[in-house]
Protein chains: 2
Amino acid sequence: MCGQEPMTDPSDAAIVPADGRGERRSIPDATVARLAVYLRVLTALAEQGTVTVSSEELASAAGVNSAKLRKDLSYLGSYGVRGVGYDVALLVERIARGLGLTRGRAVALIGIGNLGHALAGYGGFASRGFRIAALLDADASRVGELIAGLSVRHIDDLAEIVRTEQVSIGVIATPAQAAQDVCDRLVAAGVTSILNFAPAVLVVPEYVDVRKVDLAVELQILSFHEQRKSLRTRSRRRAGLEEVG
Amino acid sequence: MCGQEPMTDPSDAAIVPADGRGERRSIPDATVARLAVYLRVLTALAEQGTVTVSSEELASAAGVNSAKLRKDLSYLGSYGVRGVGYDVALLVERIARGLGLTRGRAVALIGIGNLGHALAGYGGFASRGFRIAALLDADASRVGELIAGLSVRHIDDLAEIVRTEQVSIGVIATPAQAAQDVCDRLVAAGVTSILNFAPAVLVVPEYVDVRKVDLAVELQILSFHEQRKSLRTRSRRRAGLEEVG
DNA sequence: GCGATTTTGTGAAGGCGTTCACAAGCCGAT
DNA sequence: ATCGGCTTGTGAACGCCTTCACAAAATCGC
């Protein structure tokens with residue numbers, strides 16, 4: 001019913017200068033989000049030994065329709081073979097390259113509370129090419145604590161860490177009221193991509209990308225659909241299409 | 001640059017039967033997601049004593065433009081006053097009602113690993129009207145463990161718990177390979193809304209809503225934009241618009 | 001080699017959401 | 001009571017994304 005695709009803000013469609021024979025073409029944000037999913041599915045296929053996959057198979061494994069999948073892949077170039085399908089290994093490589101995953105990026109995680117702790121221990125980052133370079137917190141009493149093999153450092157060390165570890169992405173897992181301050185520090189340190197788990201709207205310069213994940217908002221969206229479903233049932237009942245109470 | 005709005009799948013626009021004088025009109029998924037954000041901002045405003053707010057003020061606090069905000073609110077009805085703005089308390093009430101948050105919904109959380117643990121302890125759920133009714137895990141050795149005041153129960157008790165606790169939303173925080181099985185159990189137990197943190201594509205009947213949060217995908221999207229930024233700089237340099245290397 | 005079959009890649013069409021711009025409406029001052 | 005200023009609500013235009021449908025291309029069998 002309500003699909004599973006995450007989404008990005010369509011207000012800024014990806015722009016590529018279209019210089020010479022540089023990048024092929026601008027890739028829509030919605031497509032980028034799906035490419036990441038295809039990559040995950042393809043990696044799993046590769047691990048179980050699948051060599052070739054058709055758009056139909058891959059699409060159904062990723063939960064989209066095949067026309068959309070083909071159009072998405074076409075933004076990267078023509079890597080399929082008509083009548084045959086796609087080479088799994090080649091596609092994995094192309095998508096990874098398209099998403100800029102060729103060199104593993106360093107991530108700094110700020111806010112070692114409940115959620116920060118879980119994120120620090122989450123294996124999915126490392127397994128998909130992201131290296132957690134540092135854990136930081138403002139609470140001095142947490143500094144030095146060892147989590148997932150990393151020692152927690154103080155937020156004041158942020159700028160230095162970003163420089164020495166070449167951090168390109170900051171993850172904010174602090175309480176809401178600390179988020180903007182941490183965000184400002186990240187931007188000042190030169191970080192231009194931020195993933196925000198705090199339930200707060202961040203203000204950043206236009207050249208900085210922010211993605212947010214708000215757990216309560218997700219539940220509220222589901223709540224809306226739940227209500228819609230029960231309203232629908234109720235009004236159908238009222239209309240006498242089913243037995244009346 | 002890349003905005004902060006989460007997104008839903010546009011492939012299924014909300015449908016309301018438009019019977020008699022039932023619901024006003026269909027609310028787009030993108031709007032629903034933003035309404036949840038407005039609600040958060042408005043609640044904060046109310047707490048600090050603000051009585052009235054203009055679309056311009058609220059929009060900038062929520063990080064959207066005012067036209068969009070007004071159109072979003074208009075789906076709920078006409079609750080603003082021209083020349084004045086919106087009554088904060090009234091709007092909070094209307095949005096909460098629109099999202100179906102009038103009665104607090106019960107949530108079952110399955111998978112008490114790293115992430116599940118953090119989610120169980122996350123205060124943001126309770127504070128926004130969601131009650132965690134049960135924690136479940138397939139690992140018998142975890143059963144009985146006390147987390148955030150709740151005792152972990154075995155996944156086999158799911159159906160019973162859903163019935164007795166009136167669970168309407170299931171949250172999956174298991175490893176990827178267990179996700180589909182847990183999902184099937186939820187659906188079988190009558191749950192029609194699922195929030196999935198496992199990096200897996202869930203197959204569900206069309207009447208079930210699934211939202212997914214994939215942390216690695218979020219990072220990959222940021223990675224793409226990082227690459228785009230550096231590519232742009234590089235090609236500009238190559239074009240001689242800046243000093244050459 | 002050639003035709004049948006399969007599957008990709010992509011113009012074109014359609015749908016949905018965002019943005020624009022302004023009429024309608026409310027308040028307060030005079 | 002009227003006027004001026006401010007803010008909402010919304011039709012219309014625009015743009016992006018999805019979906020459709022088919023030509024192009026590759027393999028297989030004969």
# chains A, B, ... in the order shown; residues from 1 in each chain; ligands from 1
>>> interface_residues(of="chain B", to="chain D", cutoff="8 Å", atoms="only C-alpha atoms (C1' of nucleotides)", output="count of residues only")
11
>>> interface_residues(of="chain C", to="chain B", cutoff="9 Å", atoms="only C-alpha atoms (C1' of nucleotides)", output="PyMOL selection string")
chain C and resi 16-20+24-27
>>> write_last_selection(atoms="N, CA and C atoms (P, O5', C5', C4', C3', O3' and C1' of nucleotides)", output="mmCIF file, in the first residue's frame")
data_model
loop_
_atom_site.group_PDB
_atom_site.id
_atom_site.type_symbol
_atom_site.label_atom_id
_atom_site.label_comp_id
_atom_site.auth_asym_id
_atom_site.auth_seq_id
_atom_site.Cartn_x
_atom_site.Cartn_y
_atom_site.Cartn_z
ATOM 1 P P DC C 16 -2.330 11.154 -9.427
ATOM 2 O "O5'" DC C 16 -1.213 11.765 -8.479
ATOM 3 C "C5'" DC C 16 0.134 11.308 -8.578
ATOM 4 C "C4'" DC C 16 1.051 12.331 -7.961
ATOM 5 C "C3'" DC C 16 0.404 13.172 -6.859
ATOM 6 O "O3'" DC C 16 1.235 13.099 -5.723
ATOM 7 C "C1'" DC C 16 1.422 14.573 -8.485
ATOM 8 P P DG C 17 0.968 13.883 -4.407
ATOM 9 O "O5'" DG C 17 1.992 15.095 -4.520
ATOM 10 C "C5'" DG C 17 3.372 14.802 -4.652
ATOM 11 C "C4'" DG C 17 4.153 16.085 -4.781
ATOM 12 C "C3'" DG C 17 3.880 17.101 -3.667
ATOM 13 O "O3'" DG C 17 5.135 17.625 -3.280
ATOM 14 C "C1'" DG C 17 3.459 18.086 -5.777
ATOM 15 P P DT C 18 5.261 18.744 -2.141
ATOM 16 O "O5'" DT C 18 5.819 20.016 -2.922
ATOM 17 C "C5'" DT C 18 6.873 19.841 -3.860
ATOM 18 C "C4'" DT C 18 7.079 21.124 -4.640
ATOM 19 C "C3'" DT C 18 7.151 22.393 -3.795
ATOM 20 O "O3'" DT C 18 8.277 23.133 -4.254
ATOM 21 C "C1'" DT C 18 5.519 22.646 -5.492
ATOM 22 P P DT C 19 8.728 24.452 -3.438
ATOM 23 O "O5'" DT C 19 8.172 25.606 -4.377
ATOM 24 C "C5'" DT C 19 8.521 25.608 -5.750
ATOM 25 C "C4'" DT C 19 7.764 26.695 -6.461
ATOM 26 C "C3'" DT C 19 7.737 28.041 -5.733
ATOM 27 O "O3'" DT C 19 8.247 29.023 -6.636
ATOM 28 C "C1'" DT C 19 5.544 27.407 -6.428
ATOM 29 P P DC C 20 8.339 30.544 -6.198
ATOM 30 O "O5'" DC C 20 7.106 31.178 -6.990
ATOM 31 C "C5'" DC C 20 6.825 30.717 -8.301
ATOM 32 C "C4'" DC C 20 5.593 31.409 -8.856
ATOM 33 C "C3'" DC C 20 5.408 32.852 -8.407
ATOM 34 O "O3'" DC C 20 5.002 33.605 -9.538
ATOM 35 C "C1'" DC C 20 3.473 31.607 -7.880
ATOM 36 P P DA C 24 -12.371 38.318 -4.771
ATOM 37 O "O5'" DA C 24 -12.191 37.753 -3.293
ATOM 38 C "C5'" DA C 24 -12.044 36.356 -3.102
ATOM 39 C "C4'" DA C 24 -11.906 36.079 -1.615
ATOM 40 C "C3'" DA C 24 -12.900 36.847 -0.747
ATOM 41 O "O3'" DA C 24 -13.358 35.975 0.275
ATOM 42 C "C1'" DA C 24 -10.687 37.370 -0.075
ATOM 43 P P DG C 25 -14.460 36.451 1.292
ATOM 44 O "O5'" DG C 25 -13.600 36.813 2.585
ATOM 45 C "C5'" DG C 25 -12.710 35.851 3.110
ATOM 46 C "C4'" DG C 25 -11.934 36.452 4.272
ATOM 47 C "C3'" DG C 25 -12.792 37.273 5.243
ATOM 48 O "O3'" DG C 25 -12.425 36.878 6.543
ATOM 49 C "C1'" DG C 25 -10.928 38.516 4.555
ATOM 50 P P DC C 26 -13.432 37.136 7.790
ATOM 51 O "O5'" DC C 26 -12.479 37.868 8.833
ATOM 52 C "C5'" DC C 26 -11.280 37.220 9.262
ATOM 53 C "C4'" DC C 26 -10.341 38.260 9.807
ATOM 54 C "C3'" DC C 26 -10.984 39.210 10.804
ATOM 55 O "O3'" DC C 26 -10.310 39.082 12.063
ATOM 56 C "C1'" DC C 26 -9.690 40.394 9.197
ATOM 57 P P DC C 27 -10.788 39.792 13.369
ATOM 58 O "O5'" DC C 27 -9.691 40.942 13.534
ATOM 59 C "C5'" DC C 27 -8.323 40.623 13.346
ATOM 60 C "C4'" DC C 27 -7.519 41.906 13.367
ATOM 61 C "C3'" DC C 27 -7.973 42.902 14.428
ATOM 62 O "O3'" DC C 27 -6.852 43.286 15.208
ATOM 63 C "C1'" DC C 27 -7.884 43.947 12.296
#
>>> select_by_dssp(residues="region 25-236 of chain A", states="strand (DSSP E or B)", output="ChimeraX atom specification")
/A:52-53,80-81,85-87,105-110,130-137,146-147,150-151,153-154,167-172,193-196,209-212
>>> write_last_selection(atoms="C-alpha atoms", output="PDB file, in the first residue's frame")
ATOM      1  CA  THR A  52      23.202 -12.280 -14.122  1.00  0.00           C
ATOM      2  CA  VAL A  53      19.880 -10.700 -13.245  1.00  0.00           C
ATOM      3  CA  GLY A  80      22.721  -4.154 -19.399  1.00  0.00           C
ATOM      4  CA  VAL A  81      22.637  -6.597 -22.270  1.00  0.00           C
ATOM      5  CA  GLY A  85      19.973  -8.802 -18.291  1.00  0.00           C
ATOM      6  CA  TYR A  86      22.583  -7.214 -16.080  1.00  0.00           C
ATOM      7  CA  ASP A  87      25.888  -8.609 -14.879  1.00  0.00           C
ATOM      8  CA  ARG A 105      34.119   7.683   3.843  1.00  0.00           C
ATOM      9  CA  ALA A 106      34.893   8.576   7.422  1.00  0.00           C
ATOM     10  CA  VAL A 107      32.004   9.361   9.746  1.00  0.00           C
ATOM     11  CA  ALA A 108      32.002  11.242  13.038  1.00  0.00           C
ATOM     12  CA  LEU A 109      29.212  10.331  15.456  1.00  0.00           C
ATOM     13  CA  ILE A 110      28.229  12.979  17.978  1.00  0.00           C
ATOM     14  CA  PHE A 130      31.630   3.658   6.065  1.00  0.00           C
ATOM     15  CA  ARG A 131      34.239   3.943   8.745  1.00  0.00           C
ATOM     16  CA  ILE A 132      33.248   5.421  12.073  1.00  0.00           C
ATOM     17  CA  ALA A 133      36.271   7.585  12.685  1.00  0.00           C
ATOM     18  CA  ALA A 134      35.294   9.035  16.030  1.00  0.00           C
ATOM     19  CA  LEU A 135      32.679   9.112  18.775  1.00  0.00           C
ATOM     20  CA  LEU A 136      32.168  12.447  20.467  1.00  0.00           C
ATOM     21  CA  ASP A 137      30.107  13.780  23.334  1.00  0.00           C
ATOM     22  CA  LEU A 146      35.269   2.590  25.231  1.00  0.00           C
ATOM     23  CA  ILE A 147      32.528   1.667  22.767  1.00  0.00           C
ATOM     24  CA  LEU A 150      36.598   3.380  20.018  1.00  0.00           C
ATOM     25  CA  SER A 151      37.297   5.742  22.856  1.00  0.00           C
ATOM     26  CA  ARG A 153      36.338  11.999  22.796  1.00  0.00           C
ATOM     27  CA  HIS A 154      35.187  15.457  23.735  1.00  0.00           C
ATOM     28  CA  VAL A 167      35.727  13.097   8.132  1.00  0.00           C
ATOM     29  CA  SER A 168      33.212  13.830   5.393  1.00  0.00           C
ATOM     30  CA  ILE A 169      29.942  12.997   7.160  1.00  0.00           C
ATOM     31  CA  GLY A 170      28.708  13.980  10.597  1.00  0.00           C
ATOM     32  CA  VAL A 171      25.987  12.050  12.421  1.00  0.00           C
ATOM     33  CA  ILE A 172      24.076  13.922  15.117  1.00  0.00           C
ATOM     34  CA  SER A 193      27.061  16.299   4.897  1.00  0.00           C
ATOM     35  CA  ILE A 194      25.047  15.705   8.033  1.00  0.00           C
ATOM     36  CA  LEU A 195      22.708  12.950   9.136  1.00  0.00           C
ATOM     37  CA  ASN A 196      20.475  14.216  11.906  1.00  0.00           C
ATOM     38  CA  ASP A 209      23.422  18.588   2.812  1.00  0.00           C
ATOM     39  CA  VAL A 210      21.271  17.503   5.707  1.00  0.00           C
ATOM     40  CA  ARG A 211      19.208  14.368   5.911  1.00  0.00           C
ATOM     41  CA  LYS A 212      17.091  13.740   8.918  1.00  0.00           C
TER      42      LYS A 212
END
>>> select_by_dssp(residues="region 1-140 of chain A", states="helix (DSSP H, G or I)", output="VMD selection string")
chain A and resid 29 to 47 55 to 62 66 to 74 88 to 98 114 to 121 123 to 127
